[in-house]
$ cat data16.json   # JSON, C-alpha atoms
[["chain", "number", "residue", "atom", "x", "y", "z"],
["V", 15, "GLU", "CA", 9.80, 18.58, -2.58],
["V", 16, "ALA", "CA", 11.03, 15.14, -3.64],
["V", 17, "GLY", "CA", 8.88, 12.18, -2.78],
["V", 18, "VAL", "CA", 9.99, 8.79, -1.55],
["V", 19, "VAL", "CA", 12.77, 7.60, -3.84],
["V", 20, "GLN", "CA", 13.43, 3.92, -4.45],
["V", 21, "SER", "CA", 16.01, 2.12, -6.52],
["V", 22, "PRO", "CA", 16.34, 0.15, -8.61],
["V", 23, "ARG", "CA", 12.95, 0.29, -10.37],
["V", 24, "TYR", "CA", 13.36, -3.22, -11.72],
["V", 25, "LYS", "CA", 15.52, -6.16, -10.79],
["V", 26, "ILE", "CA", 15.76, -9.57, -12.41],
["V", 27, "ILE", "CA", 17.81, -12.23, -10.67],
["V", 28, "GLU", "CA", 18.13, -15.98, -10.58],
["V", 29, "LYS", "CA", 16.97, -17.88, -7.54],
["V", 30, "LYS", "CA", 19.45, -18.27, -4.72],
["V", 31, "GLN", "CA", 21.12, -14.97, -5.56],
["V", 32, "PRO", "CA", 21.09, -12.04, -3.12],
["V", 33, "VAL", "CA", 19.31, -8.77, -3.88],
["V", 34, "ALA", "CA", 19.05, -5.40, -2.18],
["V", 35, "PHE", "CA", 16.63, -2.52, -2.44],
["V", 36, "TRP", "CA", 17.26, 1.06, -1.39],
["V", 37, "CYS", "CA", 14.86, 3.72, -0.13],
["V", 38, "ASN", "CA", 15.29, 7.41, 0.56],
["V", 39, "PRO", "CA", 12.26, 8.75, 2.46],
["V", 40, "ILE", "CA", 10.82, 12.23, 2.32],
["V", 41, "SER", "CA", 13.05, 14.65, 4.18],
["V", 42, "GLY", "CA", 12.09, 14.88, 7.83],
["V", 43, "HIS", "CA", 9.94, 11.76, 7.86],
["V", 44, "ASN", "CA", 10.95, 9.71, 10.87],
["V", 45, "THR", "CA", 8.77, 6.68, 10.16],
["V", 46, "LEU", "CA", 9.70, 4.36, 7.29],
["V", 47, "TYR", "CA", 7.89, 1.26, 6.05],
["V", 48, "TRP", "CA", 8.71, -1.57, 3.70],
["V", 49, "TYR", "CA", 5.75, -3.29, 2.04],
["V", 50, "ARG", "CA", 5.57, -6.22, -0.34],
["V", 51, "GLN", "CA", 2.89, -6.27, -3.01],
["V", 52, "ASN", "CA", 2.25, -9.55, -4.77],
["V", 53, "LEU", "CA", 0.63, -9.49, -8.20],
["V", 54, "GLY", "CA", -3.07, -8.72, -7.97],
["V", 55, "GLN", "CA", -2.98, -8.02, -4.24],
["V", 56, "GLY", "CA", -2.69, -5.09, -1.89],
["V", 57, "PRO", "CA", 0.54, -4.18, -0.09],
["V", 58, "GLU", "CA", 1.51, -6.11, 3.03],
["V", 59, "LEU", "CA", 3.76, -4.64, 5.69],
["V", 60, "LEU", "CA", 7.17, -6.22, 6.14],
["V", 61, "ILE", "CA", 8.79, -3.84, 8.61],
["V", 62, "ARG", "CA", 8.29, -0.41, 10.16],
["V", 63, "TYR", "CA", 11.02, 1.88, 11.49],
["V", 64, "GLU", "CA", 10.73, 4.74, 13.94],
["V", 65, "ASN", "CA", 13.95, 6.61, 13.24],
["V", 66, "GLU", "CA", 16.62, 3.88, 13.24],
["V", 67, "GLU", "CA", 14.66, 1.44, 15.40],
["V", 68, "ALA", "CA", 12.63, -1.39, 13.89],
["V", 69, "VAL", "CA", 9.40, -1.24, 15.91],
["V", 70, "ASP", "CA", 7.34, -3.77, 13.94],
["V", 71, "ASP", "CA", 9.08, -6.55, 12.04],
["V", 72, "SER", "CA", 6.69, -9.37, 12.85],
["V", 73, "GLN", "CA", 5.88, -9.94, 9.16],
["V", 74, "LEU", "CA", 9.48, -9.99, 7.97],
["V", 75, "PRO", "CA", 10.71, -13.51, 7.04],
["V", 76, "LYS", "CA", 13.85, -13.29, 9.07],
["V", 77, "ASP", "CA", 15.49, -16.41, 7.69],
["V", 78, "ARG", "CA", 16.23, -14.67, 4.40],
["V", 79, "PHE", "CA", 15.14, -11.04, 4.73],
["V", 80, "SER", "CA", 16.99, -8.29, 6.55],
["V", 81, "ALA", "CA", 16.63, -4.55, 6.72],
["V", 82, "GLU", "CA", 18.50, -1.65, 8.15],
["V", 83, "ARG", "CA", 18.04, 2.06, 8.56],
["V", 84, "LEU", "CA", 21.36, 3.49, 9.58],
["V", 85, "LYS", "CA", 21.22, 7.05, 10.95],
["V", 86, "GLY", "CA", 17.44, 6.98, 10.71],
["V", 87, "VAL", "CA", 17.24, 8.21, 7.11],
["V", 88, "ASP", "CA", 17.90, 5.88, 4.15],
["V", 89, "SER", "CA", 16.98, 2.24, 4.39],
["V", 90, "THR", "CA", 17.94, -0.97, 2.61],
["V", 91, "LEU", "CA", 16.01, -4.21, 2.38],
["V", 92, "LYS", "CA", 17.94, -7.35, 1.51],
["V", 93, "ILE", "CA", 16.94, -10.85, 0.50],
["V", 94, "GLN", "CA", 19.52, -13.62, 0.67],
["V", 95, "PRO", "CA", 19.05, -16.03, -0.93],
["V", 96, "ALA", "CA", 16.08, -15.10, -3.13],
["V", 97, "GLU", "CA", 13.40, -17.67, -3.91],
["V", 98, "LEU", "CA", 10.92, -17.83, -6.78],
["V", 99, "GLY", "CA", 8.10, -16.78, -4.46],
["V", 100, "ASP", "CA", 9.86, -13.53, -3.64],
["V", 101, "SER", "CA", 8.87, -12.09, -7.01],
["V", 102, "ALA", "CA", 6.80, -9.02, -6.16],
["V", 103, "VAL", "CA", 6.88, -5.25, -5.98],
["V", 104, "TYR", "CA", 8.67, -3.95, -2.90],
["V", 105, "LEU", "CA", 7.28, -0.60, -1.81],
["V", 106, "CYS", "CA", 8.86, 1.84, 0.58],
["V", 107, "ALA", "CA", 6.75, 4.45, 2.34],
["V", 108, "SER", "CA", 7.43, 7.19, 4.85],
["V", 109, "SER", "CA", 5.45, 9.39, 7.19],
["V", 110, "LEU", "CA", 5.91, 12.09, 9.77],
["V", 111, "GLY", "CA", 4.90, 10.22, 12.88],
["V", 112, "THR", "CA", 2.45, 7.36, 12.58],
["V", 113, "GLY", "CA", -0.54, 9.22, 11.14],
["V", 114, "VAL", "CA", -1.68, 7.02, 8.29],
["V", 115, "GLU", "CA", -3.14, 9.91, 6.35],
["V", 116, "LYS", "CA", 0.39, 11.26, 6.04],
["V", 117, "LEU", "CA", 1.81, 8.04, 4.55],
["V", 118, "PHE", "CA", 3.53, 8.50, 1.18],
["V", 119, "PHE", "CA", 4.65, 5.61, -1.02],
["V", 120, "GLY", "CA", 7.55, 5.37, -3.41],
["V", 121, "SER", "CA", 7.18, 3.89, -6.90],
["V", 122, "GLY", "CA", 8.52, 0.52, -5.79],
["V", 123, "THR", "CA", 11.08, -1.99, -7.00],
["V", 124, "GLN", "CA", 9.69, -4.76, -9.16],
["V", 125, "LEU", "CA", 11.61, -7.95, -8.44],
["V", 126, "SER", "CA", 11.52, -10.96, -10.73],
["V", 127, "VAL", "CA", 13.21, -14.13, -9.52],
["V", 128, "LEU", "CA", 13.82, -16.67, -12.29],
["N", 25, "GLY", "CA", -3.02, -12.94, 4.67],
["N", 26, "GLN", "CA", -5.31, -10.06, 3.81],
["N", 27, "GLN", "CA", -8.39, -9.56, 5.93],
["N", 28, "LEU", "CA", -10.24, -6.99, 3.85],
["N", 29, "ASN", "CA", -12.44, -8.16, 1.01],
["N", 30, "GLN", "CA", -12.94, -5.76, -1.86],
["N", 31, "SER", "CA", -15.56, -6.07, -4.53],
["N", 32, "PRO", "CA", -15.81, -6.12, -7.37],
["N", 33, "GLN", "CA", -12.33, -7.30, -8.29],
["N", 34, "SER", "CA", -12.58, -5.47, -11.61],
["N", 35, "MET", "CA", -14.95, -3.17, -13.45],
["N", 36, "PHE", "CA", -15.13, -2.10, -17.07],
["N", 37, "ILE", "CA", -17.37, 0.92, -17.54],
["N", 38, "GLN", "CA", -18.22, 3.59, -20.05],
["N", 39, "GLU", "CA", -16.89, 7.11, -19.58],
["N", 40, "GLY", "CA", -19.46, 9.22, -17.73],
["N", 41, "GLU", "CA", -20.88, 6.37, -15.70],
["N", 42, "ASP", "CA", -20.87, 6.31, -11.91],
["N", 43, "VAL", "CA", -18.87, 3.65, -10.09],
["N", 44, "SER", "CA", -19.35, 1.98, -6.73],
["N", 45, "MET", "CA", -17.01, -0.35, -4.93],
["N", 46, "ASN", "CA", -16.89, -1.64, -1.39],
["N", 47, "CYS", "CA", -14.69, -3.18, 1.21],
["N", 48, "THR", "CA", -15.75, -5.49, 4.03],
["N", 49, "SER", "CA", -14.06, -7.00, 7.03],
["N", 50, "SER", "CA", -14.92, -9.58, 9.67],
["N", 51, "SER", "CA", -13.38, -7.34, 12.33],
["N", 52, "ILE", "CA", -13.66, -3.69, 13.30],
["N", 53, "PHE", "CA", -11.39, -0.96, 11.98],
["N", 54, "ASN", "CA", -11.35, 2.53, 13.46],
["N", 55, "THR", "CA", -9.86, 4.22, 10.41],
["N", 56, "TRP", "CA", -10.64, 3.49, 6.78],
["N", 57, "LEU", "CA", -8.67, 4.79, 3.83],
["N", 58, "TRP", "CA", -9.00, 4.60, 0.07],
["N", 59, "TYR", "CA", -5.99, 4.65, -2.24],
["N", 60, "LYS", "CA", -5.50, 4.68, -6.00],
["N", 61, "GLN", "CA", -2.53, 2.99, -7.65],
["N", 62, "ASP", "CA", -1.47, 3.71, -11.21],
["N", 63, "PRO", "CA", 0.71, 1.21, -13.12],
["N", 64, "GLY", "CA", 4.31, 1.31, -11.98],
["N", 65, "GLU", "CA", 3.58, 3.64, -9.10],
["N", 66, "GLY", "CA", 2.87, 3.38, -5.40],
["N", 67, "PRO", "CA", -0.60, 3.89, -3.94],
["N", 68, "VAL", "CA", -1.76, 7.47, -3.44],
["N", 69, "LEU", "CA", -4.22, 8.40, -0.69],
["N", 70, "LEU", "CA", -7.63, 9.58, -1.93],
["N", 71, "ILE", "CA", -9.80, 9.78, 1.18],
["N", 72, "ALA", "CA", -9.38, 9.06, 4.90],
["N", 73, "LEU", "CA", -12.33, 8.27, 7.19],
["N", 74, "TYR", "CA", -12.11, 8.41, 10.98],
["N", 75, "LYS", "CA", -15.63, 8.07, 12.33],
["N", 76, "ALA", "CA", -18.39, 5.50, 11.89],
["N", 77, "GLY", "CA", -21.04, 6.86, 9.54],
["N", 78, "GLU", "CA", -18.73, 9.54, 8.19],
["N", 79, "LEU", "CA", -19.28, 10.56, 4.57],
["N", 80, "THR", "CA", -16.39, 12.40, 2.93],
["N", 81, "SER", "CA", -15.94, 13.74, -0.59],
["N", 82, "ASN", "CA", -12.88, 14.58, -2.64],
["N", 83, "GLY", "CA", -14.00, 16.04, -5.96],
["N", 84, "ARG", "CA", -15.94, 13.35, -7.80],
["N", 85, "LEU", "CA", -15.05, 10.77, -5.16],
["N", 86, "THR", "CA", -17.20, 10.06, -2.13],
["N", 87, "ALA", "CA", -16.41, 7.51, 0.56],
["N", 88, "GLN", "CA", -18.34, 6.34, 3.58],
["N", 89, "PHE", "CA", -17.27, 4.70, 6.81],
["N", 90, "GLY", "CA", -19.82, 1.99, 7.60],
["N", 91, "ILE", "CA", -21.86, 2.21, 10.79],
["N", 92, "THR", "CA", -20.69, -1.22, 11.93],
["N", 93, "ARG", "CA", -17.05, -0.14, 11.37],
["N", 94, "LYS", "CA", -16.63, -3.34, 9.35],
["N", 95, "ASP", "CA", -17.11, -1.86, 5.91],
["N", 96, "SER", "CA", -16.53, 1.14, 3.69],
["N", 97, "PHE", "CA", -17.71, 2.29, 0.28],
["N", 98, "LEU", "CA", -16.19, 4.39, -2.47],
["N", 99, "ASN", "CA", -18.20, 6.03, -5.21],
["N", 100, "ILE", "CA", -16.86, 7.80, -8.27],
["N", 101, "SER", "CA", -19.27, 9.99, -10.18],
["N", 102, "ALA", "CA", -19.09, 10.79, -13.89],
["N", 103, "SER", "CA", -16.02, 8.65, -14.54],
["N", 104, "ILE", "CA", -13.31, 9.87, -16.90],
["N", 105, "PRO", "CA", -10.45, 7.95, -18.59],
["N", 106, "SER", "CA", -7.87, 9.08, -16.00],
["N", 107, "ASP", "CA", -9.87, 7.28, -13.30],
["N", 108, "VAL", "CA", -8.36, 4.06, -14.66],
["N", 109, "GLY", "CA", -6.27, 2.29, -12.06],
["N", 110, "ILE", "CA", -6.49, 0.00, -9.05],
["N", 111, "TYR", "CA", -8.38, 1.22, -6.01],
["N", 112, "PHE", "CA", -7.43, -0.16, -2.61],
["N", 113, "CYS", "CA", -9.19, 0.14, 0.68],
["N", 114, "ALA", "CA", -7.11, -0.02, 3.85],
["N", 115, "GLY", "CA", -8.04, -0.24, 7.48],
["N", 116, "GLN", "CA", -6.30, 0.62, 10.70],
["N", 117, "ARG", "CA", -7.50, -0.75, 14.01],
["N", 118, "ASN", "CA", -5.93, 1.83, 16.27],
["N", 119, "ALA", "CA", -3.55, 4.77, 15.94],
["N", 120, "GLY", "CA", -0.03, 3.51, 15.46],
["N", 121, "ASN", "CA", -1.15, 0.09, 14.20],
["N", 122, "MET", "CA", -0.20, -1.13, 10.78],
["N", 123, "LEU", "CA", -2.51, -0.72, 7.80],
["N", 124, "THR", "CA", -4.29, -3.74, 6.35],
["N", 125, "PHE", "CA", -5.01, -3.47, 2.63],
["N", 126, "GLY", "CA", -7.73, -5.06, 0.57],
["N", 127, "GLY", "CA", -7.03, -6.90, -2.66],
["N", 128, "GLY", "CA", -8.00, -3.97, -4.88],
["N", 129, "THR", "CA", -10.63, -3.14, -7.49],
["N", 130, "ARG", "CA", -9.27, -2.68, -10.99],
["N", 131, "LEU", "CA", -11.19, 0.02, -12.84],
["N", 132, "MET", "CA", -11.16, 0.33, -16.60],
["N", 133, "VAL", "CA", -12.94, 3.20, -18.35],
["N", 134, "LYS", "CA", -13.88, 3.11, -22.00],
["N", 135, "PRO", "CA", -13.83, 6.54, -23.66]]

$ encode --input "data16.json" --output "structure tokens"
Amino acid sequence: EAGVVQSPRYKIIEKKQPVAFWCNPISGHNTLYWYRQNLGQGPELLIRYENEEAVDDSQLPKDRFSAERLKGVDSTLKIQPAELGDSAVYLCASSLGTGVEKLFFGSGTQLSVL
Amino acid sequence: GQQLNQSPQSMFIQEGEDVSMNCTSSSIFNTWLWYKQDPGEGPVLLIALYKAGELTSNGRLTAQFGITRKDSFLNISASIPSDVGIYFCAGQRNAGNMLTFGGGTRLMVKP
């Protein structure tokens, strides 16, 4: 069974440009998470979806970040415009329900903003 | 910001040695988890703890849920080169709440 798939693996952009990340969760997983991991730190939750509904987006910087999960499967996370401080690894994770022991992470997208 | 403090931040040990690392918080968590992250990959769950005082093993790994519910420990016995990576603790206050991650312990093993 395929795991959580993310693309691209790496992205290098100049500041003020837009960028988008894509995530395909494990089949059947209704809960999807986007985390940001800064260098040398643990992941921090940006947004959590239950099916197509964003149920926790309190940590998402809404002035420049947006996310969507159309049809409750794939999800995209967008930054517009990107700032230097947005350089980080963006991790997508999915689970069946909200049981944390069933949380599976993708390999992440490493973003570098120059 | 992160609320879980992990120590040590990094460790460089000889193959075969035992390793201990811990995670502390100023507030209570009702679930503690330990993850390992390899370079270029996402974290992978190693052990989940659900009850204060609980001691759980997974092969050479043993983790404990502190009695105060404000800390947790992870031990690795007889380390091997593939144990290299970053180990993260994570806590969850209640079912359905988000996970809070620690800053990680980077483990390096010399063959």

$ residues_around --input "data16.json" --residues "Ala96 in chain V" --least-positions-apart "5" --cutoff "7 Å" --atoms "only C-alpha atoms" --output "ChimeraX atom specification"
/V:29-32

$ atom_distance --input "data16.json" --atom1 "CA of Ala76 in chain N" --atom2 "CA of Leu117 in chain V"
21.6 Å

$ interface_residues --input "data16.json" --of "chain N" --to "chain V" --cutoff "9 Å" --atoms "all atoms listed in the file" --output "VMD selection string"
chain N and resid 25 to 26 55 57 64 to 69 71 to 72 112 to 114 116 119 to 128

$ atom_distance --input "data16.json" --atom1 "CA of Phe35 in chain V" --atom2 "CA of Ser126 in chain V"
12.9 Å

$ atom_distance --input "data16.json" --atom1 "CA of Thr92 in chain N" --atom2 "CA of Leu79 in chain N"
14.0 Å
